[in-house]
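Student: My structure is in final_29.csv, and what it holds is CSV, C-alpha atoms:
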```
chain,number,residue,atom,x,y,z
A,1,MET,CA,-29.6,-36.8,2.6
A,2,LYS,CA,-26.6,-38.8,1.5
A,3,ILE,CA,-26.9,-39.4,-2.3
A,4,THR,CA,-24.6,-41.3,-4.6
A,5,VAL,CA,-24.7,-40.3,-8.3
A,6,THR,CA,-23.5,-42.4,-11.2
A,7,GLY,CA,-22.6,-41.0,-14.6
A,8,SER,CA,-19.5,-39.0,-13.6
A,9,LEU,CA,-19.7,-35.4,-14.9
A,10,GLY,CA,-21.9,-36.2,-17.9
A,11,ASN,CA,-24.7,-34.0,-19.2
A,12,ILE,CA,-27.2,-35.1,-16.6
A,13,SER,CA,-25.0,-36.1,-13.7
A,14,LYS,CA,-23.0,-32.9,-13.4
A,15,ARG,CA,-26.2,-30.8,-13.4
A,16,LEU,CA,-27.8,-33.2,-10.9
A,17,THR,CA,-24.8,-33.0,-8.6
A,18,GLU,CA,-24.8,-29.2,-8.7
A,19,GLN,CA,-28.5,-29.1,-7.9
A,20,LEU,CA,-28.2,-31.5,-5.0
A,21,VAL,CA,-25.2,-29.8,-3.5
A,22,ASP,CA,-27.0,-26.4,-3.7
A,23,LYS,CA,-29.9,-28.0,-1.9
A,24,GLY,CA,-27.6,-29.0,1.0
A,25,HIS,CA,-27.3,-32.7,0.3
A,26,ASP,CA,-24.1,-34.8,0.9
A,27,VAL,CA,-23.3,-36.1,-2.6
A,28,THR,CA,-20.8,-38.7,-3.8
A,29,VAL,CA,-20.2,-39.0,-7.6
A,30,ILE,CA,-19.0,-42.2,-9.2
A,31,SER,CA,-16.5,-41.8,-12.0
A,32,HIS,CA,-14.2,-44.3,-13.7
A,33,ASP,CA,-11.8,-41.4,-14.5
A,34,ALA,CA,-9.4,-40.4,-11.7
A,35,ASP,CA,-8.7,-37.2,-13.5
A,36,LYS,CA,-12.3,-36.1,-12.8
A,37,ALA,CA,-11.8,-36.2,-9.0
A,38,SER,CA,-10.7,-32.6,-8.6
A,39,ALA,CA,-13.6,-31.4,-10.7
A,40,ILE,CA,-16.1,-33.4,-8.6
A,41,GLU,CA,-14.6,-31.9,-5.5
A,42,THR,CA,-14.9,-28.4,-7.0
A,43,LEU,CA,-18.6,-29.0,-7.2
A,44,GLY,CA,-18.7,-29.7,-3.5
A,45,ALA,CA,-19.2,-33.5,-3.9
A,46,LYS,CA,-17.0,-36.5,-3.0
A,47,PRO,CA,-15.4,-38.5,-5.8
A,48,ALA,CA,-15.7,-42.3,-5.8
A,49,ILE,CA,-13.3,-43.6,-8.5
A,50,GLY,CA,-14.0,-47.0,-9.9
A,51,SER,CA,-16.1,-48.9,-12.4
A,52,VAL,CA,-19.8,-49.5,-12.1
A,53,GLU,CA,-19.1,-53.0,-13.5
A,54,ASP,CA,-17.3,-53.8,-10.3
A,55,GLU,CA,-19.9,-55.0,-7.9
A,56,ALA,CA,-17.7,-54.7,-4.8
A,57,PHE,CA,-16.9,-51.1,-5.7
A,58,LEU,CA,-20.6,-50.3,-6.2
A,59,LYS,CA,-21.4,-51.7,-2.8
A,60,GLU,CA,-18.7,-49.5,-1.3
A,61,ALA,CA,-19.9,-46.4,-3.1
A,62,PHE,CA,-23.5,-47.1,-2.1
A,63,THR,CA,-22.7,-47.8,1.6
A,64,GLY,CA,-24.3,-45.1,3.8
A,65,ALA,CA,-26.3,-43.6,1.0
A,66,ASP,CA,-30.0,-42.8,1.5
A,67,ALA,CA,-30.5,-42.5,-2.2
A,68,VAL,CA,-28.8,-43.3,-5.5
A,69,TYR,CA,-29.1,-42.1,-9.1
A,70,VAL,CA,-28.3,-44.9,-11.5
A,71,MET,CA,-27.8,-44.9,-15.3
A,72,ILE,CA,-26.4,-47.3,-17.8
A,73,PRO,CA,-23.3,-45.7,-19.5
A,74,PRO,CA,-23.7,-45.5,-23.3
A,75,ASN,CA,-21.8,-48.1,-25.3
A,76,ALA,CA,-21.6,-47.4,-29.1
A,77,GLN,CA,-19.8,-50.7,-29.6
A,78,ALA,CA,-22.3,-52.9,-27.7
A,79,GLU,CA,-22.9,-56.3,-29.4
A,80,ASN,CA,-25.8,-57.3,-27.2
A,81,LEU,CA,-27.4,-54.2,-25.6
A,82,LYS,CA,-30.1,-56.0,-23.7
A,83,GLU,CA,-27.7,-58.4,-22.0
A,84,THR,CA,-25.4,-55.4,-21.2
A,85,MET,CA,-28.3,-53.6,-19.6
A,86,LYS,CA,-29.5,-56.7,-17.7
A,87,ASN,CA,-26.1,-57.4,-16.3
A,88,LEU,CA,-25.4,-53.9,-15.0
A,89,SER,CA,-28.9,-53.4,-13.7
A,90,ASP,CA,-28.5,-56.6,-11.7
A,91,LYS,CA,-25.2,-55.3,-10.2
A,92,TYR,CA,-27.0,-52.1,-9.3
A,93,ALA,CA,-29.9,-54.0,-7.7
A,94,LYS,CA,-27.6,-56.2,-5.7
A,95,ALA,CA,-25.6,-53.3,-4.4
A,96,ILE,CA,-28.8,-51.5,-3.5
A,97,GLU,CA,-30.0,-54.5,-1.6
A,98,ALA,CA,-26.7,-55.1,0.2
A,99,THR,CA,-26.4,-51.5,1.4
A,100,GLY,CA,-30.0,-50.7,2.4
A,101,VAL,CA,-30.5,-47.8,0.0
A,102,LYS,CA,-34.2,-46.7,0.2
A,103,TYR,CA,-34.6,-44.3,-2.8
A,104,VAL,CA,-33.5,-44.8,-6.4
A,105,ALA,CA,-33.9,-42.6,-9.4
A,106,ASN,CA,-33.2,-44.7,-12.5
A,107,LEU,CA,-32.5,-43.2,-16.0
A,108,SER,CA,-34.8,-45.1,-18.3
A,109,GLY,CA,-36.4,-44.0,-21.6
A,110,VAL,CA,-39.7,-43.6,-23.4
A,111,GLY,CA,-40.3,-46.9,-25.0
A,112,ALA,CA,-39.3,-48.9,-21.9
A,113,GLN,CA,-42.9,-50.3,-21.8
A,114,SER,CA,-42.0,-53.0,-24.3
A,115,PRO,CA,-39.2,-55.6,-24.3
A,116,GLU,CA,-39.2,-55.6,-28.1
A,117,GLY,CA,-39.7,-53.2,-31.0
A,118,ASN,CA,-38.4,-49.9,-29.6
A,119,GLY,CA,-34.7,-50.2,-30.3
A,120,PRO,CA,-32.4,-49.1,-27.5
A,121,SER,CA,-35.4,-48.0,-25.4
A,122,SER,CA,-36.7,-51.6,-25.2
A,123,ALA,CA,-33.5,-52.5,-23.3
A,124,PHE,CA,-34.8,-50.3,-20.5
A,125,TYR,CA,-37.7,-52.6,-20.0
A,126,PHE,CA,-35.2,-55.0,-18.4
A,127,SER,CA,-33.5,-52.5,-16.2
A,128,GLU,CA,-36.8,-51.2,-14.9
A,129,GLY,CA,-38.0,-54.7,-14.3
A,130,ARG,CA,-34.9,-55.7,-12.3
A,131,LEU,CA,-35.1,-52.6,-10.1
A,132,ASN,CA,-38.9,-53.2,-9.6
A,133,GLN,CA,-38.0,-56.5,-8.0
A,134,LEU,CA,-36.4,-54.6,-5.0
A,135,GLU,CA,-38.5,-55.0,-1.9
A,136,GLY,CA,-38.9,-52.0,0.4
A,137,VAL,CA,-37.0,-49.7,-2.1
A,138,ASN,CA,-38.7,-46.7,-3.6
A,139,VAL,CA,-37.8,-46.4,-7.3
A,140,LEU,CA,-38.5,-43.6,-9.8
A,141,HIS,CA,-38.0,-44.4,-13.4
A,142,LEU,CA,-37.2,-41.3,-15.4
A,143,ARG,CA,-38.3,-41.7,-19.0
A,144,PRO,CA,-37.0,-39.0,-21.4
A,145,GLY,CA,-37.3,-39.0,-25.1
A,146,MET,CA,-34.5,-38.3,-27.6
A,147,PHE,CA,-31.7,-36.3,-26.0
A,148,TYR,CA,-31.1,-32.8,-27.4
A,149,THR,CA,-27.4,-33.5,-27.0
A,150,ASN,CA,-27.7,-36.3,-29.6
A,151,HIS,CA,-28.0,-33.5,-32.2
A,152,HIS,CA,-24.3,-32.7,-31.8
A,153,GLY,CA,-24.1,-35.6,-34.4
A,154,SER,CA,-26.6,-33.7,-36.6
A,155,VAL,CA,-24.1,-30.8,-36.9
A,156,GLY,CA,-21.7,-33.0,-38.7
A,157,MET,CA,-24.4,-34.5,-40.9
A,158,ILE,CA,-25.6,-31.0,-41.9
A,159,GLN,CA,-22.0,-29.8,-42.6
A,160,ARG,CA,-21.1,-32.8,-44.7
A,161,MET,CA,-24.4,-33.7,-46.4
A,162,GLY,CA,-26.5,-30.5,-46.3
A,163,PHE,CA,-29.6,-32.2,-44.9
A,164,MET,CA,-31.2,-33.9,-41.9
A,165,GLY,CA,-33.1,-37.1,-41.9
A,166,ASN,CA,-34.0,-40.5,-40.5
A,167,ASN,CA,-36.0,-43.5,-41.6
A,168,PHE,CA,-39.3,-41.8,-40.8
A,169,SER,CA,-41.2,-39.0,-42.5
A,170,ALA,CA,-40.9,-35.2,-41.9
A,171,ASP,CA,-44.4,-35.1,-40.4
A,172,THR,CA,-43.5,-37.6,-37.7
A,173,ILE,CA,-43.6,-36.3,-34.1
A,174,ILE,CA,-40.4,-36.7,-32.0
A,175,MET,CA,-40.5,-36.3,-28.3
A,176,MET,CA,-37.2,-34.8,-27.1
A,177,SER,CA,-35.5,-34.0,-23.8
A,178,HIS,CA,-33.0,-31.5,-22.5
A,179,PRO,CA,-30.5,-33.3,-20.2
A,180,HIS,CA,-30.9,-30.5,-17.6
A,181,ASP,CA,-34.6,-31.2,-17.4
A,182,ILE,CA,-33.8,-34.8,-16.5
A,183,ALA,CA,-31.3,-33.7,-13.9
A,184,ASP,CA,-33.8,-31.3,-12.4
A,185,ALA,CA,-36.5,-33.9,-12.2
A,186,ALA,CA,-34.2,-36.2,-10.3
A,187,ALA,CA,-33.0,-33.4,-8.0
A,188,GLU,CA,-36.6,-32.4,-7.2
A,189,ALA,CA,-37.6,-36.0,-6.6
A,190,PHE,CA,-34.7,-36.6,-4.1
A,191,ASP,CA,-35.1,-33.2,-2.4
A,192,THR,CA,-38.8,-33.5,-1.8
A,193,ILE,CA,-38.9,-37.4,-1.5
A,194,SER,CA,-41.9,-37.1,-3.8
A,195,PHE,CA,-42.0,-40.7,-4.9
A,196,SER,CA,-42.8,-44.0,-3.3
A,197,GLY,CA,-43.2,-47.6,-4.4
A,198,LYS,CA,-42.3,-48.0,-8.1
A,199,GLN,CA,-43.2,-45.0,-10.3
A,200,VAL,CA,-42.6,-43.6,-13.7
A,201,GLN,CA,-41.9,-39.9,-14.4
A,202,TYR,CA,-41.8,-38.7,-18.0
A,203,VAL,CA,-39.3,-36.0,-18.9
A,204,ILE,CA,-40.2,-34.5,-22.3
A,205,SER,CA,-39.0,-31.0,-23.0
A,206,ASP,CA,-40.4,-30.4,-26.5
A,207,GLU,CA,-42.3,-32.1,-29.3
A,208,LEU,CA,-41.3,-31.4,-32.9
A,209,THR,CA,-41.9,-33.1,-36.2
A,210,GLY,CA,-38.8,-34.1,-38.2
A,211,GLY,CA,-39.6,-31.2,-40.5
A,212,GLU,CA,-39.9,-28.7,-37.6
A,213,LEU,CA,-36.7,-30.0,-36.2
A,214,ALA,CA,-34.9,-29.4,-39.5
A,215,ALA,CA,-36.4,-26.0,-39.8
A,216,THR,CA,-35.4,-25.0,-36.3
A,217,LEU,CA,-31.8,-26.1,-36.8
A,218,GLY,CA,-31.8,-24.6,-40.3
A,219,GLU,CA,-32.8,-21.2,-39.0
A,220,ALA,CA,-30.2,-21.4,-36.2
A,221,PHE,CA,-27.5,-22.4,-38.7
A,222,GLY,CA,-28.3,-19.9,-41.3
A,223,LYS,CA,-29.7,-22.6,-43.7
A,224,PRO,CA,-33.4,-21.8,-43.8
A,225,GLU,CA,-34.1,-24.3,-46.5
A,226,LEU,CA,-32.5,-27.3,-44.7
A,227,PRO,CA,-34.4,-30.3,-45.9
A,228,TRP,CA,-35.5,-33.4,-44.0
A,229,ILE,CA,-34.7,-36.6,-46.0
A,230,VAL,CA,-36.3,-40.0,-45.5
A,231,MET,CA,-33.6,-42.7,-45.5
A,232,THR,CA,-33.9,-46.4,-46.0
A,233,ASP,CA,-33.0,-48.6,-43.1
A,234,ASP,CA,-29.8,-49.5,-44.8
A,235,GLN,CA,-28.8,-45.9,-45.5
A,236,LEU,CA,-29.5,-45.0,-41.9
A,237,LYS,CA,-27.5,-47.9,-40.5
A,238,GLN,CA,-24.6,-47.2,-42.8
A,239,GLY,CA,-24.5,-43.6,-41.6
A,240,ILE,CA,-24.7,-44.7,-37.9
A,241,MET,CA,-21.9,-47.2,-38.3
A,242,GLN,CA,-19.8,-44.5,-40.0
A,243,GLY,CA,-20.3,-42.5,-36.8
A,244,GLY,CA,-18.5,-45.3,-34.9
A,245,PHE,CA,-21.4,-47.5,-33.8
A,246,SER,CA,-21.5,-51.3,-34.0
A,247,ALA,CA,-23.8,-53.0,-36.5
A,248,HIS,CA,-25.8,-54.2,-33.6
A,249,MET,CA,-26.4,-50.7,-32.3
A,250,ALA,CA,-27.1,-49.4,-35.8
A,251,GLU,CA,-29.9,-52.0,-36.2
A,252,ASN,CA,-31.3,-50.9,-32.8
A,253,PHE,CA,-31.5,-47.3,-33.9
A,254,ALA,CA,-33.1,-48.3,-37.1
A,255,GLU,CA,-35.7,-50.2,-35.1
A,256,MET,CA,-36.3,-47.2,-32.9
A,257,GLY,CA,-36.8,-45.1,-36.1
A,258,ARG,CA,-39.4,-47.5,-37.3
A,259,ALA,CA,-41.1,-47.3,-33.9
A,260,ILE,CA,-41.1,-43.5,-34.0
A,261,GLY,CA,-42.6,-43.6,-37.4
A,262,GLU,CA,-45.4,-45.8,-36.3
A,263,GLY,CA,-45.9,-43.7,-33.2
A,264,ALA,CA,-46.5,-46.6,-30.8
A,265,ILE,CA,-43.3,-45.8,-28.8
A,266,TRP,CA,-45.0,-42.6,-27.5
A,267,GLU,CA,-48.4,-44.1,-26.6
A,268,PRO,CA,-47.9,-44.5,-22.8
A,269,TYR,CA,-46.5,-40.9,-22.6
A,270,LEU,CA,-49.4,-39.5,-24.6
A,271,ALA,CA,-51.9,-41.2,-22.3
A,272,ASP,CA,-50.2,-39.8,-19.2
A,273,LYS,CA,-48.9,-36.3,-20.3
A,274,ALA,CA,-49.9,-34.8,-17.0
A,275,ASN,CA,-47.1,-36.9,-15.5
A,276,ASN,CA,-44.4,-34.9,-17.3
A,277,PHE,CA,-41.5,-32.8,-16.1
A,278,GLY,CA,-39.8,-30.6,-18.6
A,279,ASN,CA,-40.0,-27.2,-20.2
A,280,ARG,CA,-36.7,-26.3,-21.9
A,281,LYS,CA,-37.6,-25.8,-25.6
A,282,PHE,CA,-35.4,-27.0,-28.4
A,283,ALA,CA,-35.0,-23.6,-30.2
A,284,PRO,CA,-32.6,-22.1,-27.6
A,285,PHE,CA,-30.5,-25.3,-27.7
A,286,ALA,CA,-30.3,-25.1,-31.5
A,287,LYS,CA,-28.6,-21.7,-31.1
A,288,GLU,CA,-26.0,-23.4,-28.8
A,289,LEU,CA,-25.4,-26.0,-31.6
A,290,ALA,CA,-25.1,-23.1,-34.1
A,291,ALA,CA,-22.0,-21.9,-32.3
A,292,ILE,CA,-20.4,-25.3,-33.0
A,293,TYR,CA,-21.7,-25.4,-36.6
A,294,ASN,CA,-20.2,-21.9,-37.3
A,295,ARG,CA,-16.8,-22.5,-35.9
```
Could I get this structure in the form of structure tokens?

Tutor:
Amino acid sequence: MKITVTGSLGNISKRLTEQLVDKGHDVTVISHDADKASAIETLGAKPAIGSVEDEAFLKEAFTGADAVYVMIPPNAQAENLKETMKNLSDKYAKAIEATGVKYVANLSGVGAQSPEGNGPSSAFYFSEGRLNQLEGVNVLHLRPGMFYTNHHGSVGMIQRMGFMGNNFSADTIIMMSHPHDIADAAAEAFDTISFSGKQVQYVISDELTGGELAATLGEAFGKPELPWIVMTDDQLKQGIMQGGFSAHMAENFAEMGRAIGEGAIWEPYLADKANNFGNRKFAPFAKELAAIYNR
């Protein structure tokens, strides 16, 4: 198959490209960074250098493709996340319609079942909805939980503050996902054409409480008593903004924390756990983070 992958050489897209090339597919990788072209070629794929915000470029990059993997690039400074998601999803949909692509894997998220209340995940409600409007196109929505790689930020928190935390309690369950499990789910779906119509695939790699998460990182970092601290919304938002996020995004993450604390964000996944792809546990990843912590 001819497959176009968005997301440049990110944590998911690089692994996905490697998997698809190994399986014999003809892969094009979209990147806005011309300096990535040689690295893309080294993987055995073709680079398409341009912006996913450019509808004409998207159509060119999708032309001739049997399938595309689409994702919304993260934007720490977004001032209206839902509008950003709606606009880019519309451009993706128009390019897919114009070029006759028949298979789409869309990076979504647990929590996309609701347009409100689930923080950044609620924005995926709109991207899923726009792609579901495509007639005659098979769409697989990949719904992961919290990315393991987000805990690169936890390294700094633990170094500076000596604790982990969020605005929910230590006994709250968190569904988490390794980016490589997401990539492998997309690669298998494309390689086997195992989806049709409009479908959802959960990609949850591990389930830990906040306390278990702190204990796992504490053990890996040589801090076995690492505590989990419950923050107020304001404390959480201040910490997020100090990390370079806009106030709008900080409020979105505080909302997500409240949804995690209440548990409703996970309900569709818990009702459909047989429809899950993912098996990379968090503990080995924590050891990878420990190498950064101990530098």

Student: Please measure the separation of atom CA of A:Thr84 and atom CA of A:Ala123, giving the value in Å to one decimal.

Tutor: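 Separating atom CA of A:Thr84 from atom CA of A:Ala123 is a distance of 8.9 Å.
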
Student: Just checking: using only C-alpha atoms, which residue out of A:Leu88, A:Leu140, A:Ile158, A:Ala37 ends up closest to A:Ala185?

Tutor: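 Among the listed residues, A:Leu140 lies closest to A:Ala185.
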
Student: Grab the atom CA of A:Val68 to atom CA of A:Lys46 distance for me, in Å with one decimal place.

Tutor: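 It comes out at 13.8 Å.
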
Student: From the list A:Gly263, A:Gly44, A:Gly50, A:Gly136, which residue is nearest A:Ser196 when using all atoms listed in the file?

Tutor: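 Closest to A:Ser196 of all the choices is A:Gly136.
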
Student: Quick one: everything within 8 Å of stretch 132-135 of chain A, counting all atoms listed in the file, minus sequence neighbours fewer than 5 positions away in the same chain. Send it as number ranges by chain.

Tutor: A: 93, 97, 198

Student: Could you list, with a cut-off of 12 Å and counting only C-alpha atoms, the residues of stretch 158-216 of chain A near stretch 276-281 of chain A, each shown with its nearest atom pair and the distance in Å rounded to one decimal, rows sorted by chain and ascending number, as a tab-separated table?

Tutor:
```
residue	atom	partner	partner_atom	distance
A:Met175	CA	A:Lys281	CA	11.2
A:Met176	CA	A:Lys281	CA	9.1
A:Ser177	CA	A:Gly278	CA	7.6
A:His178	CA	A:Arg280	CA	6.4
A:Pro179	CA	A:Arg280	CA	9.5
A:His180	CA	A:Arg280	CA	8.4
A:Asp181	CA	A:Gly278	CA	5.4
A:Ile182	CA	A:Gly278	CA	7.6
A:Ala183	CA	A:Gly278	CA	10.2
A:Asp184	CA	A:Gly278	CA	8.7
A:Ala185	CA	A:Phe277	CA	6.4
A:Ala186	CA	A:Phe277	CA	9.9
A:Ala187	CA	A:Phe277	CA	11.8
A:Glu188	CA	A:Phe277	CA	10.2
A:Ala189	CA	A:Phe277	CA	10.8
A:Val200	CA	A:Asn276	CA	9.6
A:Gln201	CA	A:Asn276	CA	6.3
A:Tyr202	CA	A:Asn276	CA	4.7
A:Val203	CA	A:Phe277	CA	4.8
A:Ile204	CA	A:Gly278	CA	5.4
A:Ser205	CA	A:Gly278	CA	4.5
A:Asp206	CA	A:Lys281	CA	5.5
A:Glu207	CA	A:Lys281	CA	8.7
A:Leu208	CA	A:Lys281	CA	9.9
A:Leu213	CA	A:Lys281	CA	11.4
A:Thr216	CA	A:Lys281	CA	11.0
```

Student: Smallest atom-to-atom distance to A:Lys287: which of A:Leu217, A:Val155, A:Val70, A:Leu107, using all atoms listed in the file?

Tutor: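 Checking each of A:Leu217, A:Val155, A:Val70, A:Leu107 against A:Lys287, counting all atoms listed in the file, the winner is A:Leu217.
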
Student: Please compute the atom CA of A:Thr6-atom CA of A:Val52 distance, one decimal, in Å.

Tutor: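 These two atoms are separated by 8.1 Å.
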
Student: Kindly indicate which residue among A:Ser122, A:Gly111, A:Thr172, A:Ser246 lies nearest to A:Gly261, using all atoms listed in the file for the distances.

Tutor: A:Thr172

Student: Go through A:Gln199, A:Thr192, A:Ser169, A:Ser89 one by one, measure the shortest atom-to-atom distance of each to A:Asn275 using all atoms listed in the file, and give the residue with the smallest value.

Tutor: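 Closest residue, counting all atoms listed in the file: A:Gln199.
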
Student: Go through A:Ala34, A:Val21, A:Leu142, A:Ala215 one by one, measure the shortest atom-to-atom distance of each to A:Pro227 using all atoms listed in the file, and give the residue with the smallest value.

Tutor: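 Once distances to A:Pro227 are computed over all atoms listed in the file, the minimum belongs to A:Ala215.
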
Student: Show me, as an MDAnalysis selection string, the residues that have an atom within 10 Å of A:Phe126 when counting all atoms listed in the file, minus same-chain residues fewer than 2 positions from it.

Tutor: chainID A and resid 82:83 85:87 89:90 108 112:115 121:124 128:132

Student: Write out as a PyMOL selection string which residues come within 12 Å of A:Asp35 when counting only C-alpha atoms, dropping same-chain ones fewer than 5 positions away.

Tutor: chain A and resi 8-9+40-41+47-50

Student: Excluding A:Phe190 and residues on its chain fewer than 4 positions from it, collect all residues at most 8 Å away from it, counting all atoms listed in the file, and give them as an MDAnalysis selection string.

Tutor: chainID A and resid 67 103 186 194

Student: Counting only C-alpha atoms, what is within 9 Å of A:Ala170, bar same-chain residues fewer than 3 positions away, as an MDAnalysis selection string?

Tutor: chainID A and resid 165:166 173 209:214 228:230

Student: Please rebuild stretch 134-142 of chain A with all heavy atoms and give the result as a compact mmCIF listing (two decimals), in the coordinates of the input.

Tutor:
```txt
# COMPACT_ATOMS: atom_id res chain seq x y z
N LEU A 134 -36.90 -54.97 -6.35
CA LEU A 134 -36.40 -54.60 -5.00
C LEU A 134 -37.49 -54.39 -4.04
O LEU A 134 -38.37 -53.56 -4.26
CB LEU A 134 -35.50 -53.35 -5.15
CG LEU A 134 -34.22 -53.48 -5.98
CD1 LEU A 134 -33.63 -52.09 -6.25
CD2 LEU A 134 -33.21 -54.36 -5.26
N GLU A 135 -37.45 -55.10 -2.95
CA GLU A 135 -38.50 -55.00 -1.90
C GLU A 135 -38.11 -53.87 -0.93
O GLU A 135 -36.96 -53.78 -0.49
CB GLU A 135 -38.66 -56.30 -1.19
CG GLU A 135 -39.18 -57.43 -2.08
CD GLU A 135 -39.44 -58.70 -1.30
OE1 GLU A 135 -39.27 -58.68 -0.06
OE2 GLU A 135 -39.81 -59.71 -1.93
N GLY A 136 -39.10 -53.04 -0.61
CA GLY A 136 -38.90 -52.00 0.40
C GLY A 136 -38.03 -50.83 -0.14
O GLY A 136 -37.57 -50.00 0.65
N VAL A 137 -37.82 -50.77 -1.45
CA VAL A 137 -37.00 -49.70 -2.10
C VAL A 137 -37.96 -48.88 -2.97
O VAL A 137 -38.70 -49.45 -3.79
CB VAL A 137 -35.86 -50.25 -2.88
CG1 VAL A 137 -35.06 -49.11 -3.50
CG2 VAL A 137 -34.97 -51.13 -2.01
N ASN A 138 -37.92 -47.58 -2.82
CA ASN A 138 -38.70 -46.70 -3.60
C ASN A 138 -37.93 -46.33 -4.91
O ASN A 138 -36.81 -45.83 -4.82
CB ASN A 138 -39.06 -45.41 -2.86
CG ASN A 138 -39.75 -45.74 -1.55
OD1 ASN A 138 -40.88 -46.20 -1.54
ND2 ASN A 138 -39.05 -45.52 -0.43
N VAL A 139 -38.53 -46.60 -6.07
CA VAL A 139 -37.80 -46.40 -7.30
C VAL A 139 -38.62 -45.50 -8.26
O VAL A 139 -39.81 -45.73 -8.49
CB VAL A 139 -37.58 -47.77 -8.04
CG1 VAL A 139 -36.79 -47.55 -9.34
CG2 VAL A 139 -36.82 -48.74 -7.13
N LEU A 140 -37.94 -44.48 -8.77
CA LEU A 140 -38.50 -43.60 -9.80
C LEU A 140 -37.82 -43.77 -11.08
O LEU A 140 -36.62 -43.51 -11.19
CB LEU A 140 -38.40 -42.12 -9.30
CG LEU A 140 -38.99 -41.08 -10.26
CD1 LEU A 140 -40.51 -41.21 -10.35
CD2 LEU A 140 -38.60 -39.66 -9.82
N HIS A 141 -38.55 -44.24 -12.09
CA HIS A 141 -38.00 -44.40 -13.40
C HIS A 141 -38.20 -43.15 -14.23
O HIS A 141 -39.34 -42.78 -14.51
CB HIS A 141 -38.64 -45.61 -14.12
CG HIS A 141 -38.49 -46.91 -13.41
ND1 HIS A 141 -37.27 -47.51 -13.20
CD2 HIS A 141 -39.42 -47.73 -12.83
CE1 HIS A 141 -37.44 -48.65 -12.55
NE2 HIS A 141 -38.74 -48.80 -12.30
N LEU A 142 -37.12 -42.49 -14.58
CA LEU A 142 -37.20 -41.30 -15.40
C LEU A 142 -37.18 -41.68 -16.86
O LEU A 142 -36.22 -42.30 -17.32
CB LEU A 142 -36.01 -40.36 -15.07
CG LEU A 142 -35.91 -39.89 -13.62
CD1 LEU A 142 -34.57 -39.22 -13.38
CD2 LEU A 142 -37.06 -38.95 -13.27
```
